[in-house]
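Enquirer: Can you keep this structure in mind? I'll have questions shortly.
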Amino acid sequence: MKAAPVRESAARTLVQPHVVPFDIDATRRMDNWRANLSWPLAMAPLQDALTSRQRAFLESIGPLTEKDGRFIALLAAGRCLSSVSALLEAALLVQAERTTGLHVVGGPAELEWLRGVGEVPPMTAQRLGQPGDRTIAMFARRIARTASWTPWWRLPMTMLQPDAVAITHNAMLREAAAENGRRVAFRHGEVLFHAMTRRATGTAGAPAGLAEMLTTTLCAEPALTETMRARLAALVRPKLGRYLDQAAADLAAIARAPRLPMRLWSGSGGNYAARALGIEVMRRGGETVRYDHGGSTGMIDGPDSLSLRETTVSTRFVVPTEAVAQLCRAQDVARPVCGFPPAEISHGTGDPHMRGAARLAPRPNGARPRVIYATGALYGFRQLIPPVLHDPVYLDWQLRVAEALGALPVDVLLKPHPEGIFRGQRHPLAYAGTVTSERFEAVMASADIFVFDFALSTAFWTALCSDRPVVLLDLGLAPFHPTIREELERRCRIVTAHWDIHNIPRVEREELGQAISDAARSRPDPTRFRQLIAGA
């Protein structure tokens with residue numbers, strides 16, 4: 001799905017040159033930074049660039065053999081794509097500065113290098129994992145976690161001779177462990193991983209040429225000039241080299257481990273430790289089962305993302321219901337991806353996490369409507385696929401939505417995403433209204449209406465399973481499966497944002513107010529999403 005079409009916003013004149021903040025730190029150094037905010041880069045070309053590079057990465061590692069570094073590239077894929085996505089966006093941004101007359105201030109040293117100034121900046125240090133806790137308390141938690149799904153009379157044998165070992169957990173995995181009759185023991189994946197790899201650094205490296213091949217692949221964005229591609233490659237090459245060498249050392253260390261479960265269960269394959277352990281289990285001919293969580297699987301038309309994150313590093317991937325499994329199969333997620341054998345797509349009886357939110361106690365009649373506006377996160381110098389709005393643009397949007405809601409005859413509770421750069425800190429939305437830091441599930445029963453602008457959060461799909469009205473502010477960034485888009489149009493009030501000529505998303509206050517008014521009078525039917533995700 002492309003970003004929403006551009007609609008020119010009247011009464012805004014761009015004075016050239018115009019200075020705009022790159023990040024939240026830069027906004028703090030600028031007076032009235034929101035006035036006449038503009039952005040050099042439109043979202044549609046960024047979407048195209050990131051999805052095409054992701055596809056190219058997948059295609060480039062498909063033909064590799066184990067000797068060529070296939071498993072190494074798979075393990076490092078998340079770190080490689082996350083890092084390159086942010087740098088690729090920065091390259092497109094700097095290139096767009098020259099054609100728009102905008103100048104972006106602040107940000108990392110990489111921006112100046114991309115502008116052609118100075119030397120290649122040193123790599124920012126990144127922790128590649130921390131040693132886990134190996135105390136008696138950790139062992140006690142292993143027992144407690146195993147006991148949470150195991151009858152007491154089976155607990156000793158389960159701990160001593162498990163049929164499978166779970167190294168992370170989520171609601172679906174816990175339910176499966178309790179119901180399938182197997183002896184499933186719990187081990188902390190991070191602890192197990194670090195016990196095997198604590199001396200791994202420097203003991204092995206990626207095959208010669210792998211980093212260079214992937215650098216060429218990821219920097220070959222047609223929208224970039226040849227000079228910009230060369231400058232981008234100079235930033236990407238050392239990062240990929242480091243990630244791939246670390247992945248090679250980790251996998252080599254795990255391969256030397258004499259004992260490893262031959263049936264391994266985990267949550268998402270995006271977890272680095274769980275990903276590494278699962279890859280080695282598969283390499284030894286064992287079974288790696290991943291359990292889905294979050295609600296968006298199958299709903300978003302992004303088979304390459306799901307393939308890289310889950311199905312290429314799993315023998316079996318378990319989604320909530322048969323209906324979701326069918327959506328995944330319709331997207332061809334289980335295909336042999338670029339030479340990778342297909343993972344089996346199986347299903348459970350629904351996601352218990354969503355099931356628990358399905359029916360909320362009614363709010364008192366006649367009370368002033370309570371609206372909860374739940375946002376996405378602000379990520380700093382980081383980018384996702386599909387992409388999210390750059391921090392200053394998204395924060396400006398959040399504040400405008402909060403201000404518009406605050407002008408309506410409703411009570412508004414602002415619920416920022418708990419992750420991102422403001423984790424554990426006061427969120428800037430506090431300047432626009434009442435903010436809560438409680439979990440979404442803890443406050444959702446107090447709402448009459450939910451408002452979302454980020455459709456990839458667990459909270460969004462949880463709300464769809466509830467009996468409360470949902471208003472979706474559609475920025476055009478989530479490529480919904482066509483079938484799900486139709487279901488969303490029946491379940492939600494959808495307000496489509498438009499993008500002005502300065503690449504800033506806007507929503508008409510009158511349209512938002514009408515959506516809230518319509519939602520307050522509606523009786524939504526969540527049956528379809530309960531069947532899809534909650535299984536009830």
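Every chain in the structure tokens has a letter given in the order shown (A, B, ...), and although residue numbers restart at 1 in each chain, ligands are simply numbered from 1 in the order shown.
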Could you tell me, as a PyMOL selection string, which residues of region 44-252 of chain A DSSP assigns to alpha helix (DSSP H) when given the backbone?
Expert: chain A and resi 44-61+70-100+109-114+136-147+155-160+171-179+189-197+210-219+226-252
Enquirer: Leaving out Phe186 (chain A) and any residue of its chain fewer than 3 positions from it, which residues lie within 7 Å of it when counting only C-alpha atoms, given as a list in words?
Expert: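 Contacts, in chain order: Arg142, Arg145, Thr146, Val165, Ala166 and Ile167 of chain A.
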Enquirer: From a backbone DSSP assignment, name each residue in region 175-309 of chain A labelled strand (DSSP E), as a ChimeraX atom specification.
Expert: /A:184-186,263-266,287-291
Enquirer: Taking 4 positions as the minimum chain separation for residues in the same chain, which residues sit within 8 Å of region 213-219 of chain A when counting only C-alpha atoms? Answer as an mmCIF file with N, CA, C and O atoms, in the first residue's frame.
Expert:
data_model
loop_
_atom_site.group_PDB
_atom_site.id
_atom_site.type_symbol
_atom_site.label_atom_id
_atom_site.label_comp_id
_atom_site.auth_asym_id
_atom_site.auth_seq_id
_atom_site.Cartn_x
_atom_site.Cartn_y
_atom_site.Cartn_z
ATOM 1 N N ARG A 53 14.925 -3.222 -0.873
ATOM 2 C CA ARG A 53 16.213 -3.666 -0.320
ATOM 3 C C ARG A 53 16.019 -4.914 0.550
ATOM 4 O O ARG A 53 16.888 -5.796 0.572
ATOM 5 N N GLN A 54 14.907 -4.986 1.273
ATOM 6 C CA GLN A 54 14.634 -6.182 2.060
ATOM 7 C C GLN A 54 14.493 -7.395 1.159
ATOM 8 O O GLN A 54 15.045 -8.472 1.433
ATOM 9 N N ALA A 56 15.750 -7.716 -1.832
ATOM 10 C CA ALA A 56 17.059 -7.997 -2.423
ATOM 11 C C ALA A 56 17.952 -8.750 -1.438
ATOM 12 O O ALA A 56 18.712 -9.652 -1.839
ATOM 13 N N PHE A 57 17.887 -8.403 -0.166
ATOM 14 C CA PHE A 57 18.665 -9.106 0.856
ATOM 15 C C PHE A 57 18.257 -10.578 0.905
ATOM 16 O O PHE A 57 19.100 -11.479 0.913
ATOM 17 N N SER A 60 19.483 -12.429 -2.096
ATOM 18 C CA SER A 60 20.939 -12.587 -2.176
ATOM 19 C C SER A 60 21.451 -13.694 -1.271
ATOM 20 O O SER A 60 22.471 -14.327 -1.569
ATOM 21 N N VAL A 84 20.878 -0.741 8.252
ATOM 22 C CA VAL A 84 20.926 -0.202 6.902
ATOM 23 C C VAL A 84 19.673 0.601 6.586
ATOM 24 O O VAL A 84 19.741 1.617 5.867
ATOM 25 N N LEU A 88 19.957 4.137 4.998
ATOM 26 C CA LEU A 88 19.391 4.366 3.673
ATOM 27 C C LEU A 88 18.406 5.534 3.713
ATOM 28 O O LEU A 88 18.395 6.384 2.812
ATOM 29 N N GLY A 209 34.158 -11.972 1.701
ATOM 30 C CA GLY A 209 33.295 -11.486 0.631
ATOM 31 C C GLY A 209 31.833 -11.383 0.990
ATOM 32 O O GLY A 209 31.059 -10.756 0.248
ATOM 33 N N ARG A 229 25.513 6.434 -3.268
ATOM 34 C CA ARG A 229 25.623 4.997 -3.002
ATOM 35 C C ARG A 229 27.008 4.653 -2.467
ATOM 36 O O ARG A 229 27.150 3.835 -1.551
ATOM 37 N N LEU A 232 27.161 5.852 1.127
ATOM 38 C CA LEU A 232 26.361 4.953 1.961
ATOM 39 C C LEU A 232 27.101 3.644 2.195
ATOM 40 O O LEU A 232 27.143 3.131 3.328
ATOM 41 N N ALA A 233 27.699 3.100 1.158
ATOM 42 C CA ALA A 233 28.425 1.833 1.288
ATOM 43 C C ALA A 233 29.574 1.949 2.280
ATOM 44 O O ALA A 233 29.873 1.000 3.014
ATOM 45 N N VAL A 236 27.925 1.439 5.555
ATOM 46 C CA VAL A 236 27.284 0.134 5.731
ATOM 47 C C VAL A 236 28.309 -0.984 5.883
ATOM 48 O O VAL A 236 28.156 -1.890 6.716
ATOM 49 N N ARG A 237 29.384 -0.930 5.092
ATOM 50 C CA ARG A 237 30.338 -2.045 5.021
ATOM 51 C C ARG A 237 30.892 -2.444 6.390
ATOM 52 O O ARG A 237 30.853 -3.634 6.750
ATOM 53 N N LEU A 240 28.032 -4.088 8.644
ATOM 54 C CA LEU A 240 27.693 -5.459 8.259
ATOM 55 C C LEU A 240 28.826 -6.408 8.603
ATOM 56 O O LEU A 240 28.595 -7.540 9.050
#
Enquirer: Extract, using only C-alpha atoms, all DNA, RNA and protein residues at most 12 Å from Thr225 (chain A), discarding same-chain residues fewer than 2 positions from it, and format them as a PyMOL selection string.
Expert: chain A and resi 91-92+94-96+114+219-223+227-232
Enquirer: Write the residues of the preceding selection, restricted to all heavy atoms, as a short mmCIF file (atom, residue, chain, number, x, y, z; two decimals), in the first residue's frame.
Expert:
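What follows is the written file again-v3.cif:
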data_model
loop_
_atom_site.label_atom_id
_atom_site.label_comp_id
_atom_site.auth_asym_id
_atom_site.auth_seq_id
_atom_site.Cartn_x
_atom_site.Cartn_y
_atom_site.Cartn_z
N ALA A 91 20.43 8.67 3.75
CA ALA A 91 20.99 8.98 2.43
C ALA A 91 19.93 9.61 1.52
O ALA A 91 20.20 10.60 0.82
CB ALA A 91 21.56 7.72 1.79
N LEU A 92 18.74 9.05 1.51
CA LEU A 92 17.65 9.61 0.71
C LEU A 92 17.28 11.00 1.21
O LEU A 92 16.96 11.90 0.42
CB LEU A 92 16.43 8.69 0.75
CG LEU A 92 16.57 7.34 0.03
CD1 LEU A 92 15.45 6.40 0.43
CD2 LEU A 92 16.60 7.55 -1.48
N VAL A 94 19.30 13.22 2.83
CA VAL A 94 20.34 14.18 2.46
C VAL A 94 20.24 14.52 0.97
O VAL A 94 20.39 15.69 0.56
CB VAL A 94 21.73 13.62 2.81
CG1 VAL A 94 22.84 14.43 2.15
CG2 VAL A 94 21.92 13.59 4.32
N GLN A 95 19.98 13.53 0.17
CA GLN A 95 19.84 13.77 -1.27
C GLN A 95 18.65 14.68 -1.56
O GLN A 95 18.71 15.55 -2.43
CB GLN A 95 19.69 12.43 -1.98
CG GLN A 95 19.88 12.48 -3.48
CD GLN A 95 20.03 11.09 -4.07
OE1 GLN A 95 21.13 10.54 -4.11
NE2 GLN A 95 18.93 10.52 -4.52
N ALA A 96 17.56 14.49 -0.79
CA ALA A 96 16.35 15.30 -0.99
C ALA A 96 16.56 16.74 -0.50
O ALA A 96 15.88 17.65 -0.98
CB ALA A 96 15.17 14.66 -0.26
N LEU A 114 27.42 11.78 4.67
CA LEU A 114 26.58 11.63 3.49
C LEU A 114 26.49 12.93 2.69
O LEU A 114 26.27 12.90 1.48
CB LEU A 114 25.19 11.14 3.89
CG LEU A 114 25.12 9.71 4.44
CD1 LEU A 114 23.76 9.43 5.07
CD2 LEU A 114 25.41 8.69 3.34
N CYS A 219 22.99 -1.44 -0.79
CA CYS A 219 23.23 -0.04 -1.21
C CYS A 219 22.84 0.22 -2.66
O CYS A 219 22.95 1.37 -3.12
CB CYS A 219 24.70 0.33 -0.98
SG CYS A 219 25.19 0.33 0.75
N ALA A 220 22.40 -0.81 -3.36
CA ALA A 220 22.09 -0.65 -4.80
C ALA A 220 20.69 -0.07 -5.00
O ALA A 220 19.90 -0.58 -5.80
CB ALA A 220 22.22 -2.00 -5.50
N GLU A 221 20.36 0.99 -4.25
CA GLU A 221 19.06 1.61 -4.37
C GLU A 221 19.05 2.54 -5.58
O GLU A 221 19.82 3.49 -5.66
CB GLU A 221 18.74 2.40 -3.10
CG GLU A 221 17.53 3.31 -3.17
CD GLU A 221 16.28 2.61 -3.68
OE1 GLU A 221 16.01 1.46 -3.25
OE2 GLU A 221 15.59 3.21 -4.51
N PRO A 222 18.17 2.28 -6.58
CA PRO A 222 18.18 3.07 -7.81
C PRO A 222 17.93 4.56 -7.59
O PRO A 222 18.38 5.38 -8.40
CB PRO A 222 17.05 2.44 -8.64
CG PRO A 222 16.89 1.06 -8.09
CD PRO A 222 17.22 1.17 -6.63
N ALA A 223 17.23 4.92 -6.52
CA ALA A 223 16.92 6.33 -6.29
C ALA A 223 18.13 7.14 -5.85
O ALA A 223 18.08 8.37 -5.84
CB ALA A 223 15.81 6.45 -5.25
N THR A 227 27.36 8.67 -6.44
CA THR A 227 28.18 9.21 -5.35
C THR A 227 27.56 8.90 -4.00
O THR A 227 28.26 8.51 -3.06
CB THR A 227 28.34 10.74 -5.52
OG1 THR A 227 28.99 11.00 -6.75
CG2 THR A 227 29.15 11.32 -4.37
N MET A 228 26.24 9.05 -3.90
CA MET A 228 25.58 8.79 -2.62
C MET A 228 25.65 7.30 -2.28
O MET A 228 25.82 6.93 -1.11
CB MET A 228 24.12 9.27 -2.67
CG MET A 228 23.42 9.18 -1.32
SD MET A 228 24.19 10.20 -0.03
CE MET A 228 23.63 11.83 -0.53
N ARG A 229 25.51 6.43 -3.27
CA ARG A 229 25.62 5.00 -3.00
C ARG A 229 27.01 4.65 -2.47
O ARG A 229 27.15 3.84 -1.55
CB ARG A 229 25.33 4.19 -4.28
CG ARG A 229 23.87 4.05 -4.60
CD ARG A 229 23.62 2.92 -5.61
NE ARG A 229 24.17 3.25 -6.91
CZ ARG A 229 23.51 3.89 -7.87
NH1 ARG A 229 22.26 4.28 -7.66
NH2 ARG A 229 24.08 4.13 -9.03
N ALA A 230 28.03 5.28 -3.02
CA ALA A 230 29.39 5.02 -2.55
C ALA A 230 29.57 5.49 -1.11
O ALA A 230 30.21 4.80 -0.29
CB ALA A 230 30.40 5.71 -3.46
N ARG A 231 29.02 6.65 -0.78
CA ARG A 231 29.14 7.15 0.59
C ARG A 231 28.34 6.28 1.55
O ARG A 231 28.77 6.02 2.68
CB ARG A 231 28.69 8.61 0.66
CG ARG A 231 29.69 9.55 0.01
CD ARG A 231 29.47 11.01 0.35
NE ARG A 231 30.68 11.75 0.02
CZ ARG A 231 31.66 12.00 0.86
NH1 ARG A 231 31.56 11.57 2.11
NH2 ARG A 231 32.74 12.66 0.49
N LEU A 232 27.16 5.85 1.13
CA LEU A 232 26.36 4.95 1.96
C LEU A 232 27.10 3.64 2.20
O LEU A 232 27.14 3.13 3.33
CB LEU A 232 25.01 4.69 1.29
CG LEU A 232 24.07 3.70 1.98
CD1 LEU A 232 23.69 4.19 3.38
CD2 LEU A 232 22.83 3.46 1.13
#
Enquirer: Counting only C-alpha atoms, which residues of region 386-474 of chain A sit at most 12 Å from some atom of region 100-111 of chain A, and what is each one's closest atom pair with its distance in Å to one decimal, listed by chain and rising residue number, as a Markdown table?
Expert:
| residue | atom | partner | partner_atom | distance |
| --- | --- | --- | --- | --- |
| A:His390 | CA | A:Gly107 | CA | 11.8 |
| A:Asp391 | CA | A:Gly107 | CA | 11.3 |
| A:Pro392 | CA | A:Val104 | CA | 11.1 |
Enquirer: Dump as CSV the rows for residues of region 232-318 of chain A within 8 Å of region 453-475 of chain A: closest atom pair and distance in Å with one decimal, only C-alpha atoms counted, ordered by chain and rising residue number.
Expert:
residue,atom,partner,partner_atom,distance
A:Gly294,CA,A:Thr458,CA,4.5
A:Gly295,CA,A:Trp461,CA,5.5
A:Ser296,CA,A:Leu456,CA,6.1
Enquirer: Selection from above, all heavy atoms, as a PDB file, in the first residue's frame, can you write it?
Expert:
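File written: part-v8.pdb
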ATOM      1  N   GLY A 294       1.131 -10.897  18.841  1.00  0.00           N
ATOM      2  CA  GLY A 294       0.996  -9.509  18.433  1.00  0.00           C
ATOM      3  C   GLY A 294      -0.226  -9.187  17.611  1.00  0.00           C
ATOM      4  O   GLY A 294      -0.707  -8.054  17.629  1.00  0.00           O
ATOM      5  N   GLY A 295      -0.751 -10.158  16.862  1.00  0.00           N
ATOM      6  CA  GLY A 295      -2.004  -9.949  16.151  1.00  0.00           C
ATOM      7  C   GLY A 295      -1.886  -9.548  14.702  1.00  0.00           C
ATOM      8  O   GLY A 295      -2.820  -9.746  13.931  1.00  0.00           O
ATOM      9  N   SER A 296      -0.742  -8.977  14.263  1.00  0.00           N
ATOM     10  CA  SER A 296      -0.669  -8.445  12.902  1.00  0.00           C
ATOM     11  C   SER A 296      -0.252  -9.482  11.863  1.00  0.00           C
ATOM     12  O   SER A 296      -0.373  -9.224  10.657  1.00  0.00           O
ATOM     13  CB  SER A 296       0.297  -7.263  12.847  1.00  0.00           C
ATOM     14  OG  SER A 296       1.605  -7.657  13.205  1.00  0.00           O
TER      15      SER A 296
END
Enquirer: Can you pull out the residues contacting region 395-401 of chain A? Cut-off 8 Å, using only C-alpha atoms, and skip same-chain residues under 6 positions away; I want them as a count of residues only.
Expert: 7
Enquirer: At a cut-off of 8 Å, using only C-alpha atoms, what residues contact region 70-80 of chain A? Leave out same-chain residues fewer than 5 positions from it and give the result as a list in words.
Expert: Ile61, Gly62, Leu64, Thr65, Ala206, Lys239, Leu240, Tyr243, Leu244, Ala247, Ala248, Leu251, Gly270, Tyr272, Arg275, Ala276, Ile279, Leu308, Arg309, Thr312 and Val313 of chain A
Enquirer: Sorted by chain and rising residue number, which residues of region 335-444 of chain A lie within 7 Å of region 532-535 of chain A, and what are their closest atom pairs and distances in Å to one decimal, counting only C-alpha atoms, as a tab-separated table?
Expert:
residue	atom	partner	partner_atom	distance
A:Thr349	CA	A:Gly535	CA	5.6
A:Gly350	CA	A:Gly535	CA	4.0
A:Asp351	CA	A:Ala534	CA	4.8
A:Pro352	CA	A:Ala534	CA	6.4
A:Met354	CA	A:Ala534	CA	5.1
A:Arg355	CA	A:Ala534	CA	4.7
Enquirer: Excluding Arg263 (chain A) and residues on its chain fewer than 4 positions from it, collect all residues at most 8 Å away from it, counting only C-alpha atoms, and give them as a list in words.
Expert: Asp163, Ala164, Val165, Val281, Gly286, Glu287, Thr288 and Val289 of chain A
Enquirer: Could you save those same residues with N, CA and C atoms as an mmCIF file, in the first residue's frame?
Expert:
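out.cif, freshly written:
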data_model
loop_
_atom_site.group_PDB
_atom_site.id
_atom_site.type_symbol
_atom_site.label_atom_id
_atom_site.label_comp_id
_atom_site.auth_asym_id
_atom_site.auth_seq_id
_atom_site.Cartn_x
_atom_site.Cartn_y
_atom_site.Cartn_z
ATOM 1 N N ASP A 163 10.630 -33.379 26.651
ATOM 2 C CA ASP A 163 10.448 -33.672 25.229
ATOM 3 C C ASP A 163 10.837 -32.463 24.379
ATOM 4 N N ALA A 164 10.650 -31.281 24.932
ATOM 5 C CA ALA A 164 10.982 -30.037 24.236
ATOM 6 C C ALA A 164 11.397 -29.019 25.283
ATOM 7 N N VAL A 165 12.161 -28.031 24.849
ATOM 8 C CA VAL A 165 12.616 -26.966 25.745
ATOM 9 C C VAL A 165 12.162 -25.625 25.177
ATOM 10 N N VAL A 281 19.778 -25.731 16.163
ATOM 11 C CA VAL A 281 18.928 -26.921 16.287
ATOM 12 C C VAL A 281 18.516 -27.412 14.908
ATOM 13 N N GLY A 286 17.161 -30.949 14.074
ATOM 14 C CA GLY A 286 16.112 -30.895 15.071
ATOM 15 C C GLY A 286 14.941 -30.033 14.640
ATOM 16 N N GLU A 287 14.029 -29.800 15.574
ATOM 17 C CA GLU A 287 12.783 -29.079 15.304
ATOM 18 C C GLU A 287 12.807 -27.757 16.071
ATOM 19 N N THR A 288 12.619 -26.650 15.345
ATOM 20 C CA THR A 288 12.499 -25.332 15.954
ATOM 21 C C THR A 288 11.103 -24.797 15.678
ATOM 22 N N VAL A 289 10.341 -24.622 16.750
ATOM 23 C CA VAL A 289 8.949 -24.178 16.644
ATOM 24 C C VAL A 289 8.852 -22.769 17.209
#
Enquirer: So how far away is CA of Pro261 (chain A) from CA of Ser314 (chain A), in Å?
Expert: 14.3 Å
Enquirer: Suppose you want the space between CA of His188 (chain A) and CA of Thr311 (chain A); what is it in Å?
Expert: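 A separation of 22.2 Å between them.
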Enquirer: Between CA of Gly269 (chain A) and CA of Thr168 (chain A), what is the distance in Å, rounded to a tenth?
Expert: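 Straight-line distance from CA of Gly269 (chain A) to CA of Thr168 (chain A) works out to 10.1 Å.
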Enquirer: Rank A:Val388, A:Ser307, A:Val451, A:Ala442 by their smallest atom-to-atom distance to Tyr373 (chain A), using only C-alpha atoms, and report the top residue only.
Expert: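 That would be A:Val451, the residue with the smallest distance to Tyr373 (chain A).
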Enquirer: So, counting only C-alpha atoms, which residue among A:Ala204, A:Ala234, A:Leu192, A:Ile345 is closest to Phe317 (chain A)?
Expert: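 Counting only C-alpha atoms, the residue closest to Phe317 (chain A) is A:Ile345.
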